[in-house]
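Trainee: You'll find upload-v7.txt just under this line, and it carries compact mmCIF, C-alpha atoms.
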```txt
# COMPACT_ATOMS: atom_id res chain seq x y z
CA MET A 490 68.00 41.42 32.50
CA PRO A 491 66.48 43.64 29.79
CA PRO A 492 62.76 42.97 29.23
CA TRP A 493 61.72 40.48 26.58
CA PRO A 494 60.82 40.76 23.74
CA PRO A 495 63.42 43.38 22.79
CA SER A 496 61.87 46.78 22.05
CA LEU A 497 62.80 50.44 21.90
CA GLN A 498 60.76 51.06 25.04
CA ASP A 499 63.80 49.96 27.05
CA ALA A 500 66.97 52.11 27.03
CA ARG A 501 69.30 49.10 26.89
CA TRP A 502 67.68 47.72 23.77
CA ARG A 503 67.66 51.20 22.22
CA VAL A 504 71.38 51.61 22.70
CA GLY A 505 72.03 48.05 21.55
CA LEU A 506 69.99 48.40 18.35
CA PHE A 507 71.38 51.76 17.32
CA THR A 508 74.95 50.70 18.07
CA LEU A 509 74.51 47.54 16.00
CA LEU A 510 73.07 49.43 13.05
CA TYR A 511 75.93 51.89 13.01
CA LEU A 512 78.43 49.05 13.53
CA TYR A 513 77.00 47.55 10.34
CA GLN A 514 77.43 50.84 8.47
CA GLY A 515 80.99 51.13 9.73
CA LEU A 516 82.01 47.67 8.57
CA VAL A 517 80.82 48.40 5.04
CA ALA A 518 82.42 51.85 5.09
CA GLY A 519 85.73 50.42 6.27
CA PHE A 520 85.68 48.02 3.34
CA ALA A 521 84.30 50.29 0.63
CA LEU A 522 85.70 53.71 1.48
CA THR A 523 89.06 53.00 3.07
CA ALA A 524 90.49 49.49 2.58
CA LEU A 525 89.19 49.18 -0.97
CA ALA A 526 90.24 52.72 -1.91
CA ASN A 527 93.76 52.13 -0.57
CA HIS A 528 93.91 48.75 -2.32
CA PHE A 529 93.04 50.21 -5.71
CA ALA A 530 95.43 53.13 -5.13
CA ALA A 531 98.20 50.60 -4.53
CA VAL A 532 97.49 48.83 -7.84
CA GLY A 533 97.63 52.08 -9.78
CA ALA A 534 94.26 53.83 -9.56
CA SER A 535 94.61 57.60 -9.78
CA THR A 536 93.35 60.14 -7.27
CA ALA A 537 90.59 61.00 -9.74
CA GLU A 538 89.49 57.34 -10.01
CA VAL A 539 89.50 56.87 -6.25
CA GLY A 540 87.59 60.14 -5.80
CA ARG A 541 85.04 59.06 -8.42
CA HIS A 542 84.55 55.74 -6.60
CA LEU A 543 83.90 57.58 -3.32
CA ALA A 544 81.50 59.94 -5.08
CA VAL A 545 79.50 57.13 -6.71
CA VAL A 546 79.18 55.14 -3.50
CA GLY A 547 78.18 58.30 -1.63
CA LEU A 548 75.59 59.50 -4.15
CA PRO A 549 72.53 57.77 -2.58
CA TRP A 550 73.41 59.36 0.75
CA VAL A 551 73.22 62.75 -0.92
CA LEU A 552 69.82 61.93 -2.44
CA GLN A 553 68.62 60.28 0.77
CA PRO A 554 66.10 62.98 1.80
CA LEU A 555 64.38 62.92 -1.59
CA LEU A 556 64.47 59.14 -1.90
CA TRP A 557 63.52 58.01 1.58
CA GLY A 558 62.61 60.91 3.87
CA PRO A 559 58.99 61.18 2.67
CA VAL A 560 58.66 57.38 2.71
CA ILE A 561 59.55 57.20 6.39
CA ASP A 562 57.69 60.38 7.40
CA ARG A 563 54.47 59.18 5.78
CA ALA A 564 54.70 55.57 7.00
CA THR A 565 51.36 54.22 8.20
CA PRO A 566 50.60 52.04 11.26
CA ASP A 567 51.90 48.53 10.80
CA ARG A 568 51.91 45.30 12.80
CA MET A 569 55.73 45.26 12.54
CA GLY A 570 56.01 48.96 13.41
CA PRO A 571 55.83 51.65 10.71
CA ARG A 572 59.58 52.41 10.72
CA ARG A 573 60.81 48.91 11.51
CA ARG A 574 59.19 47.32 8.46
CA TRP A 575 61.21 49.62 6.23
CA LEU A 576 64.33 48.93 8.28
CA VAL A 577 63.98 45.16 7.86
CA LEU A 578 63.29 45.43 4.12
CA ALA A 579 66.24 47.79 3.64
CA LEU A 580 68.65 45.51 5.48
CA ALA A 581 67.54 42.58 3.31
CA GLY A 582 68.18 44.62 0.17
CA ALA A 583 71.55 45.77 1.46
CA GLN A 584 72.69 42.20 2.08
CA ALA A 585 71.50 41.12 -1.36
CA SER A 586 73.61 43.91 -2.85
CA LEU A 587 76.70 42.81 -0.93
CA ALA A 588 76.14 39.29 -2.21
CA GLY A 589 76.38 40.78 -5.71
CA LEU A 590 80.05 41.60 -5.07
CA LEU A 591 80.75 37.86 -5.20
CA LEU A 592 79.60 37.81 -8.83
CA LEU A 593 82.33 40.24 -9.95
CA GLY A 594 85.16 37.73 -9.85
CA SER A 595 88.59 37.96 -8.27
CA ALA A 596 89.92 41.03 -10.10
CA PRO A 597 87.03 43.37 -10.98
CA SER A 598 87.42 46.91 -12.22
CA LEU A 599 86.93 49.72 -9.72
CA THR A 600 83.99 50.94 -11.82
CA ALA A 601 82.15 47.62 -11.50
CA VAL A 602 82.74 47.54 -7.76
CA SER A 603 81.49 51.12 -7.44
CA LEU A 604 78.24 50.31 -9.25
CA VAL A 605 77.45 47.32 -7.03
CA LEU A 606 78.25 49.32 -3.91
CA LEU A 607 75.97 52.06 -5.28
CA LEU A 608 73.08 49.56 -5.04
CA HIS A 609 74.09 48.77 -1.48
CA SER A 610 74.15 52.46 -0.62
CA LEU A 611 70.59 52.84 -1.93
CA ALA A 612 69.34 50.16 0.48
CA ALA A 613 71.61 51.20 3.35
CA SER A 614 70.50 54.84 3.10
CA LEU A 615 66.86 53.69 3.50
CA ALA A 616 67.86 51.71 6.59
CA ASP A 617 69.69 54.76 7.92
CA THR A 618 66.64 56.99 7.38
CA ALA A 619 64.46 54.56 9.32
CA THR A 620 67.10 54.33 12.05
CA ASP A 621 67.35 58.08 12.47
CA ARG A 622 63.58 58.44 12.72
CA LEU A 623 63.54 55.66 15.34
CA ILE A 624 66.15 57.61 17.32
CA ALA A 625 64.15 60.83 17.07
CA ASP A 626 60.94 59.06 18.14
CA SER A 627 62.31 56.99 21.02
CA VAL A 628 65.31 58.73 22.64
CA PRO A 629 64.62 61.39 25.33
CA ALA A 630 66.39 64.72 24.87
CA GLY A 631 68.57 64.09 27.94
CA GLU A 632 69.99 60.93 26.37
CA LEU A 633 70.83 62.31 22.91
CA GLY A 634 74.51 62.90 23.71
CA ARG A 635 75.05 59.38 24.99
CA THR A 636 73.08 57.93 22.09
CA SER A 637 75.17 59.96 19.65
CA ALA A 638 78.33 58.68 21.33
CA ALA A 639 77.08 55.09 21.15
CA THR A 640 76.20 55.33 17.47
CA ARG A 641 79.49 57.04 16.71
CA ALA A 642 81.37 54.36 18.64
CA GLY A 643 79.48 51.67 16.76
CA PHE A 644 80.31 53.22 13.41
CA VAL A 645 83.95 53.80 14.32
CA LEU A 646 84.42 50.33 15.77
CA GLY A 647 82.92 48.85 12.62
CA SER A 648 84.94 51.12 10.37
CA ALA A 649 88.17 50.42 12.24
CA ALA A 650 87.61 46.69 12.32
CA GLY A 651 86.46 46.68 8.71
CA THR A 652 89.39 48.76 7.52
CA ALA A 653 92.02 46.69 9.30
CA LEU A 654 90.46 43.30 8.55
CA PHE A 655 89.61 43.91 4.92
CA ALA A 656 92.97 45.54 4.24
CA TRP A 657 94.58 42.31 5.41
CA VAL A 658 92.15 40.08 3.51
CA LEU A 659 92.55 42.11 0.29
CA GLU A 660 96.31 41.78 0.60
CA ALA A 661 96.35 38.11 1.55
CA GLY A 662 93.35 36.66 -0.28
CA GLY A 663 92.24 39.16 -2.88
CA PHE A 664 88.95 40.86 -3.65
CA ALA A 665 86.70 37.78 -3.69
CA ALA A 666 87.84 36.68 -0.24
CA ALA A 667 87.27 40.19 1.14
CA ALA A 668 83.77 40.38 -0.38
CA GLY A 669 82.89 37.00 1.13
CA ALA A 670 84.20 38.04 4.53
CA LEU A 671 82.15 41.26 4.37
CA LEU A 672 78.95 39.36 3.62
CA GLY A 673 79.68 36.81 6.35
CA LEU A 674 80.29 39.47 9.01
CA THR A 675 77.40 41.78 8.21
CA THR A 676 74.62 39.19 7.79
CA PRO A 677 74.45 38.17 11.50
CA ILE A 678 74.45 41.85 12.50
CA ALA A 679 71.58 42.62 10.13
CA LEU A 680 69.60 39.65 11.46
CA ALA A 681 70.21 40.61 15.09
CA ALA A 682 69.17 44.22 14.46
CA ALA A 683 65.90 43.03 12.97
CA LEU A 684 64.90 41.42 16.30
CA VAL A 685 64.31 44.70 18.19
CA ARG A 686 60.73 45.93 17.89
CA GLU A 687 59.50 49.51 18.05
CA ALA A 688 56.97 48.52 20.74
CA SER A 689 56.85 45.29 22.71
CA GLY A 690 53.47 44.39 21.19
CA ASP A 691 54.66 44.59 17.57
CA ARG A 692 54.97 41.46 15.46
CA LEU A 693 58.46 40.16 14.66
CA LEU A 694 57.43 39.54 11.04
CA ALA A 695 54.07 40.14 9.38
CA TRP A 696 52.68 40.59 5.91
CA PRO A 697 51.55 44.16 5.31
CA GLN A 698 47.81 44.72 5.59
CA ARG A 699 46.56 46.28 2.40
CA GLY A 700 43.27 48.06 2.07
CA PRO A 701 41.52 48.79 -1.22
CA ALA A 702 43.58 50.87 -3.63
CA ARG A 703 42.71 54.55 -3.69
CA ALA A 704 43.12 56.86 -6.62
CA ALA A 705 45.01 60.06 -6.11
CA GLY A 706 42.51 62.75 -5.25
CA PRO A 707 42.17 66.03 -3.42
CA GLY A 708 42.84 64.31 -0.09
CA ARG A 709 46.20 62.92 -1.16
CA ILE A 710 47.17 66.07 -3.01
CA ALA A 711 46.32 68.16 0.03
CA ALA A 712 48.34 65.84 2.26
CA ALA A 713 51.34 66.05 -0.05
CA ALA A 714 51.06 69.83 -0.18
CA ALA A 715 50.83 70.02 3.62
CA PHE A 716 53.90 67.80 3.90
CA ALA A 717 55.86 70.04 1.51
CA ARG A 718 54.79 73.16 3.42
CA GLY A 719 55.84 71.60 6.71
CA LEU A 720 59.22 70.69 5.27
CA ALA A 721 59.74 74.18 3.85
CA ASP A 722 58.78 75.75 7.19
CA GLY A 723 61.57 73.80 8.86
CA PHE A 724 64.18 75.58 6.73
CA ARG A 725 62.82 79.14 6.69
CA SER A 726 64.90 80.43 9.60
CA ARG A 727 68.43 81.77 9.32
CA ASP A 728 69.57 79.27 11.93
CA ALA A 729 68.42 76.37 9.76
CA ALA A 730 70.26 77.77 6.74
CA ARG A 731 73.41 78.27 8.82
CA LEU A 732 73.26 74.74 10.20
CA LEU A 733 72.72 73.36 6.68
CA ALA A 734 75.78 75.25 5.41
CA LEU A 735 77.83 74.08 8.37
CA CYS A 736 76.93 70.44 7.73
CA PHE A 737 78.05 70.76 4.10
CA ALA A 738 81.26 72.63 4.89
CA ILE A 739 82.53 70.15 7.49
CA ASP A 740 82.61 67.10 5.22
CA PHE A 741 83.60 69.14 2.17
CA ALA A 742 86.66 70.48 3.96
CA LEU A 743 87.68 67.07 5.30
CA ALA A 744 87.42 65.36 1.90
CA LEU A 745 89.51 68.06 0.19
CA PHE A 746 92.46 67.12 2.38
CA GLN A 747 91.99 63.47 3.36
CA VAL A 748 91.55 61.89 -0.10
CA PRO A 749 94.69 63.27 -1.83
CA PHE A 750 96.80 62.97 1.31
CA ALA A 751 96.05 59.24 1.66
CA VAL A 752 96.76 58.61 -2.04
CA ALA A 753 100.02 60.61 -1.80
CA LEU A 754 101.21 58.55 1.17
CA VAL A 755 100.87 55.37 -0.92
CA GLN A 756 101.97 56.60 -4.35
CA VAL A 757 104.50 59.33 -3.49
CA HIS A 758 105.92 58.37 -0.12
CA GLY A 759 105.82 54.60 -0.59
CA TRP A 760 103.52 53.64 2.26
CA ASP A 761 102.08 50.14 2.22
CA ALA A 762 98.33 50.28 1.49
CA GLY A 763 97.51 47.70 4.16
CA GLY A 764 99.63 49.50 6.73
CA LEU A 765 97.94 52.81 5.91
CA SER A 766 94.50 51.24 6.29
CA ARG A 767 95.42 49.74 9.66
CA LEU A 768 96.77 53.06 10.93
CA GLN A 769 93.63 54.88 9.78
CA ALA A 770 91.55 52.24 11.56
CA LEU A 771 93.50 52.64 14.80
CA LEU A 772 93.20 56.43 14.75
CA ALA A 773 89.47 56.26 14.08
CA LEU A 774 89.08 53.74 16.89
CA LEU A 775 90.79 56.01 19.41
CA GLY A 776 88.66 59.00 18.51
CA GLY A 777 85.37 57.18 18.17
CA THR A 778 85.33 55.17 21.39
CA LEU A 779 87.01 56.75 24.42
CA GLY A 780 86.84 60.25 22.94
CA ALA A 781 83.23 59.89 21.82
CA ALA A 782 82.10 58.69 25.25
CA GLY A 783 83.56 61.77 26.92
CA ILE A 784 82.07 64.17 24.37
CA GLY A 785 78.67 62.46 24.59
CA ALA A 786 78.56 62.89 28.37
CA SER A 787 79.55 66.55 28.00
CA VAL A 788 76.80 67.15 25.45
CA ASP A 789 74.13 65.76 27.80
CA ARG A 790 75.46 67.86 30.67
CA LEU A 791 76.16 71.18 28.93
CA GLY A 792 74.12 71.01 25.71
CA PRO A 793 75.47 70.41 22.21
CA GLY A 794 76.32 74.05 21.39
CA PRO A 795 79.39 74.58 23.62
CA ALA A 796 80.87 71.21 22.68
CA LEU A 797 80.25 71.85 18.98
CA ARG A 798 81.98 75.24 19.06
CA ALA A 799 84.96 73.92 21.03
CA LEU A 800 85.47 71.04 18.61
CA LEU A 801 85.27 73.32 15.57
CA VAL A 802 88.10 75.36 17.09
CA ALA A 803 90.03 72.13 17.79
CA CYS A 804 89.60 71.03 14.17
CA ALA A 805 90.90 74.38 12.94
CA ALA A 806 93.95 74.04 15.19
CA ALA A 807 94.54 70.44 14.07
CA PHE A 808 94.59 71.33 10.37
CA GLY A 809 96.68 74.41 11.06
CA ILE A 810 99.31 72.22 12.70
CA ALA A 811 99.07 69.71 9.83
CA GLY A 812 99.61 72.49 7.29
CA GLY A 813 102.64 73.71 9.21
CA LEU A 814 104.21 70.25 9.31
CA ILE A 815 103.72 69.78 5.57
CA ALA A 816 105.07 73.25 4.79
CA ALA A 817 108.18 72.39 6.83
CA GLY A 818 108.85 69.37 4.59
CA LEU A 819 107.92 66.86 7.27
CA GLU A 820 104.98 65.27 5.43
CA ALA A 821 106.57 61.82 5.10
CA ALA A 822 108.23 61.74 8.53
CA THR A 823 105.15 62.95 10.43
CA GLY A 824 102.54 61.18 8.29
CA PRO A 825 101.00 59.33 11.29
CA VAL A 826 100.77 62.59 13.25
CA ILE A 827 99.08 64.38 10.36
CA LEU A 828 96.66 61.49 9.88
CA GLY A 829 95.82 61.65 13.57
CA LEU A 830 95.15 65.37 13.43
CA ALA A 831 93.00 64.99 10.31
CA ASN A 832 90.96 62.03 11.57
CA VAL A 833 90.65 61.87 15.36
CA VAL A 834 89.51 65.43 16.12
CA PRO A 835 86.89 65.56 13.32
CA ALA A 836 85.51 62.21 14.52
CA LEU A 837 84.72 63.82 17.88
CA LEU A 838 83.03 66.74 16.17
CA TYR A 839 80.25 64.49 14.85
CA VAL A 840 79.26 63.44 18.38
CA ALA A 841 78.27 67.03 19.19
CA LEU A 842 76.87 67.76 15.73
CA LEU A 843 74.31 64.92 15.67
CA PRO A 844 72.31 66.06 18.75
CA THR A 845 72.33 69.61 17.35
CA VAL A 846 70.78 68.39 14.12
CA LEU A 847 68.28 66.12 15.89
CA LEU A 848 67.06 68.96 18.09
CA ALA A 849 66.74 71.22 15.03
CA SER A 850 64.55 68.72 13.18
CA ARG A 851 62.65 66.86 15.88
CA THR A 852 59.18 68.39 15.52
CA GLY A 853 56.72 68.48 12.66
CA ARG A 854 55.34 65.98 10.18
CA ALA A 855 58.46 66.06 8.00
CA SER A 856 61.04 65.55 10.76
CA ALA A 857 62.70 62.50 9.17
CA THR A 858 63.04 64.27 5.83
CA GLN A 859 64.32 67.44 7.50
CA PHE A 860 66.93 65.48 9.46
CA GLN A 861 68.04 63.63 6.34
CA ILE A 862 68.43 66.91 4.45
CA TYR A 863 70.97 67.99 7.05
CA MET A 864 72.72 64.63 6.77
CA ALA A 865 72.57 64.78 2.98
CA ALA A 866 74.27 68.18 3.12
CA MET A 867 77.15 66.47 4.90
CA ASN A 868 77.23 63.64 2.37
CA LEU A 869 77.03 66.14 -0.48
CA GLY A 870 79.99 67.95 1.03
CA ASP A 871 81.92 64.69 1.17
CA VAL A 872 81.04 63.79 -2.42
CA ALA A 873 81.84 67.29 -3.70
CA GLY A 874 85.10 67.39 -1.79
CA SER A 875 86.13 63.95 -3.05
CA ALA A 876 85.30 64.92 -6.63
CA LEU A 877 87.25 68.20 -6.43
CA ALA A 878 90.17 66.91 -4.39
CA SER A 879 92.19 65.68 -7.37
CA GLY A 880 92.06 68.96 -9.28
CA LEU A 881 92.78 70.99 -6.18
CA ALA A 882 95.73 68.76 -5.23
CA ALA A 883 97.22 69.25 -8.70
CA ALA A 884 96.98 73.04 -8.47
CA VAL A 885 97.53 73.83 -4.76
CA PRO A 886 100.28 72.58 -2.41
CA PRO A 887 98.95 70.27 0.34
CA SER A 888 100.12 72.66 3.04
CA LEU A 889 97.84 75.38 1.65
CA VAL A 890 94.97 72.92 1.35
CA ALA A 891 95.36 72.06 5.04
CA LEU A 892 95.48 75.73 6.00
CA GLY A 893 92.41 76.41 3.86
CA VAL A 894 90.58 73.62 5.68
CA ALA A 895 91.62 75.17 9.01
CA LEU A 896 90.14 78.48 7.85
CA LEU A 897 86.85 76.81 6.92
CA PHE A 898 86.60 75.35 10.42
CA LEU A 899 87.26 78.77 11.94
CA LEU A 900 84.43 80.18 9.82
CA GLY A 901 82.28 77.29 11.02
CA THR A 902 83.00 78.34 14.60
CA ARG A 903 81.68 81.79 13.79
CA VAL A 904 78.55 80.33 12.19
CA ALA A 905 77.87 78.11 15.21
CA ARG A 906 78.36 81.05 17.58
CA VAL A 907 75.69 83.22 15.94
CA MET A 908 73.07 80.48 15.69
CA GLY A 909 70.08 80.96 17.97
CA ALA A 910 69.39 79.19 21.23
CA PRO A 911 67.29 76.31 19.83
CA LEU A 912 70.25 75.08 17.77
CA ALA A 913 73.35 76.23 19.59
CA ALA A 914 72.40 76.18 23.24
```
Kindly present the structure from the file in structure tokens form.
Mentor:
Amino acid sequence: MPPWPPSLQDARWRVGLFTLLYLYQGLVAGFALTALANHFAAVGASTAEVGRHLAVVGLPWVLQPLLWGPVIDRATPDRMGPRRRWLVLALAGAQASLAGLLLLGSAPSLTAVSLVLLLHSLAASLADTATDRLIADSVPAGELGRTSAATRAGFVLGSAAGTALFAWVLEAGGFAAAAGALLGLTTPIALAAALVREASGDRLLAWPQRGPARAAGPGRIAAAAAFARGLADGFRSRDAARLLALCFAIDFALALFQVPFAVALVQVHGWDAGGLSRLQALLALLGGTLGAAGIGASVDRLGPGPALRALLVACAAAFGIAGGLIAAGLEAATGPVILGLANVVPALLYVALLPTVLLASRTGRASATQFQIYMAAMNLGDVAGSALASGLAAAVPPSLVALGVALLFLLGTRVARVMGAPLAA
């Protein structure tokens, strides 16, 4: 039996907490970014409108380092744990935002839904920042691969279940029923995640202890300046700049292809939106569970660098094959194969990428902010790719887009190969 009360001092509770938190993120992502996007595409939303929705919902994740990194890095000792207090508050705000979806009625506009989900993303990105700092503080280096696999599996399981379930509920019961189901499923997960303490002696709940207010003075200004210098030092090396560019390029490339291809399957090739969502969920599930476990074990045994480089090559090959199938006029007939190539292999890539980023940003007073800047680069890539996907799809054949994505992954392989030992070994 794991020790009681639950705390991050025990590996089983660590894995359980981090898996739950990413399961929560996946459920919301499956609803907001896949099932809902396919649903609105089926009722006539354009690629530009769907891309704008994805960009709005993703915006707080881009701003995450500026919004929340310094908050978590400069957290002070607390009876609930300095990171956990922010985690609990963020989860409460996230659930309140999801409850706001119920106020939109049965047939809201995509814009209204996007704005409410924007509020959720603000709270969820704070919870994610606290979670990532908890991982960095509590997980030994030799367990990072398995932890990455567990979090990826949690996210993918949640995303797959959320996509399939909410696609069905949207089709059968409409938006209000799907929003209610989302709130009902995520609330118990948020409550359960709040039970795991940072240390066994921490309080489950406690009011913050406040000392006398202090005016900003030389001490605080000096501390802020030292924090900024520490953050800047973390990005001075060429390896850090290369890793930052790689994080951006991966999600940018994926969004350029995935968004217009999914819309085209529904609007051009006549796919059922619910069926598309269920297939996307199944493909994500395959890559994020069995595949992630194998990659995670390899990362812990060999180091993240070799696995990262191999998966970048695999992604390039996958999109090269996809581009060839589309160029041959087989886009409609081989749609499931192309979706598999464009979703399963990239999902495995993240399992090797996360330990690389954690090791690159684990030391220093600004480690949470530094880590979130890398993650924000990925989110910025996703937002930028989603925003540009419509215009690119109108001007460039999808086969060339796929081949261009393959080329970007090949360039990423080159970038990963020349990074120094601390990041690529």
Trainee: Counting all atoms listed in the file, figure out which residue out of A:Ser850, A:Ser598, A:Ser879, A:Gln553 gets nearest to A:Thr618.
Mentor: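 Nearest to A:Thr618: A:Gln553.
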Trainee: So, counting all atoms listed in the file, which residue among A:Phe507, A:Met569, A:Leu693, A:Thr858 is closest to A:Gly723?
Mentor: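 The closest residue to A:Gly723 is A:Thr858.
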Trainee: Which residue gives the smallest distance to A:Gly792 among A:Leu848, A:Leu772, A:Val628, A:Ser689, with only C-alpha atoms counted?
Mentor: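 Nearest to A:Gly792: A:Leu848.
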Trainee: Tell me which protein, DNA and RNA residues are within 7 Å of A:Ala770, counting only C-alpha atoms, leaving out same-chain ones fewer than 5 positions away, and put them as a PyMOL selection string.
Mentor: chain A and resi 648-650+652-653
Trainee: Export C-alpha atoms of the chosen residues as a PDB file, in the coordinates of the input?
Mentor:
```pdb
ATOM      1  CA  SER A 648      84.940  51.120  10.370  1.00  0.00           C
ATOM      2  CA  ALA A 649      88.170  50.420  12.240  1.00  0.00           C
ATOM      3  CA  ALA A 650      87.610  46.690  12.320  1.00  0.00           C
ATOM      4  CA  THR A 652      89.390  48.760   7.520  1.00  0.00           C
ATOM      5  CA  ALA A 653      92.020  46.690   9.300  1.00  0.00           C
TER       6      ALA A 653
END
```
Trainee: Mind checking which residues fall within 6 Å of A:Thr902, counting only C-alpha atoms, ignoring those fewer than 3 positions away in the same chain, and posting them as a PyMOL selection string?
Mentor: chain A and resi 798+801+899+905
Trainee: Choose the residue, out of A:Ala638, A:Ala876, A:Ala865, A:Leu754, that has the smallest atom-to-atom separation from A:Ala530; count only C-alpha atoms.
Mentor: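 Nearest candidate to A:Ala530 out of A:Ala638, A:Ala876, A:Ala865, A:Leu754: A:Leu754.
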Trainee: Please report as CSV every residue of stretch 615-720 of chain A lying within 12 Å of stretch 590-595 of chain A, along with the nearest atom pair and their distance in Å (one decimal), using all atoms listed in the file.
Mentor:
```
residue,atom,partner,partner_atom,distance
A:Leu659,CA,A:Ser595,CA,10.3
A:Gly662,CA,A:Ser595,CA,9.4
A:Gly663,CA,A:Ser595,CA,6.6
A:Phe664,CA,A:Ser595,CA,5.5
A:Ala665,CA,A:Ser595,CA,5.0
A:Ala666,CA,A:Ser595,CA,8.2
A:Ala667,CA,A:Leu591,CA,9.4
A:Ala668,CA,A:Leu590,CA,6.1
A:Gly669,CA,A:Leu591,CA,6.7
A:Ala670,CA,A:Leu591,CA,10.3
A:Leu671,CA,A:Leu590,CA,9.7
A:Leu672,CA,A:Leu590,CA,9.0
A:Gly673,CA,A:Leu591,CA,11.6
```
Trainee: Report, in Å with one decimal, the straight-line distance from atom CA of A:Arg692 to atom CA of A:Phe644.
Mentor: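 Those two atoms sit 28.0 Å apart.
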Trainee: Which protein, DNA or RNA residues have an atom at most 10 Å from (83.0, 66.5, -0.6), counting all atoms listed in the file? List them as a list in words.
Mentor: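 These residues have at least one counted atom within 10 Å: Gly540, Leu543, Ala544, Gly547, Phe737, Ala738, Ile739, Asp740, Phe741, Ala742, Leu743, Ala744, Leu745, Phe746, Val748, Ala866, Met867, Asn868, Leu869, Gly870, Asp871, Val872, Ala873, Gly874, Ser875, Ala876, Leu877 and Ala878 of chain A.
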Trainee: Store the residues picked out above in a file with C-alpha atoms, as a tab-separated table (two decimals), keeping the file's coordinate frame.
Mentor:
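Output file result_9.tsv is given in full below:
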```
chain	number	residue	atom	x	y	z
A	540	GLY	CA	87.59	60.14	-5.80
A	543	LEU	CA	83.90	57.58	-3.32
A	544	ALA	CA	81.50	59.94	-5.08
A	547	GLY	CA	78.18	58.30	-1.63
A	737	PHE	CA	78.05	70.76	4.10
A	738	ALA	CA	81.26	72.63	4.89
A	739	ILE	CA	82.53	70.15	7.49
A	740	ASP	CA	82.61	67.10	5.22
A	741	PHE	CA	83.60	69.14	2.17
A	742	ALA	CA	86.66	70.48	3.96
A	743	LEU	CA	87.68	67.07	5.30
A	744	ALA	CA	87.42	65.36	1.90
A	745	LEU	CA	89.51	68.06	0.19
A	746	PHE	CA	92.46	67.12	2.38
A	748	VAL	CA	91.55	61.89	-0.10
A	866	ALA	CA	74.27	68.18	3.12
A	867	MET	CA	77.15	66.47	4.90
A	868	ASN	CA	77.23	63.64	2.37
A	869	LEU	CA	77.03	66.14	-0.48
A	870	GLY	CA	79.99	67.95	1.03
A	871	ASP	CA	81.92	64.69	1.17
A	872	VAL	CA	81.04	63.79	-2.42
A	873	ALA	CA	81.84	67.29	-3.70
A	874	GLY	CA	85.10	67.39	-1.79
A	875	SER	CA	86.13	63.95	-3.05
A	876	ALA	CA	85.30	64.92	-6.63
A	877	LEU	CA	87.25	68.20	-6.43
A	878	ALA	CA	90.17	66.91	-4.39
```
Trainee: Within 10 Å of A:Gly631, counting only C-alpha atoms, which residues qualify if same-chain residues fewer than 4 places away don't, as a PDB file with C-alpha atoms, in the frame of the given file?
Mentor:
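Writing the result to around-v1.pdb gives the following:
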```pdb
ATOM      1  CA  ARG A 635      75.050  59.380  24.990  1.00  0.00           C
ATOM      2  CA  THR A 636      73.080  57.930  22.090  1.00  0.00           C
ATOM      3  CA  VAL A 788      76.800  67.150  25.450  1.00  0.00           C
ATOM      4  CA  ASP A 789      74.130  65.760  27.800  1.00  0.00           C
ATOM      5  CA  ARG A 790      75.460  67.860  30.670  1.00  0.00           C
ATOM      6  CA  GLY A 792      74.120  71.010  25.710  1.00  0.00           C
TER       7      GLY A 792
END
```
Trainee: Can you work out the spacing between atom CA of A:Leu733 and atom CA of A:Leu611 in Å, to one decimal?
Mentor: 22.4 Å
Trainee: In Å to one decimal, how far is atom CA of A:Leu633 from atom CA of A:Ile784?
Mentor: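 Between atom CA of A:Ile784 and atom CA of A:Leu633 the gap is 11.5 Å.
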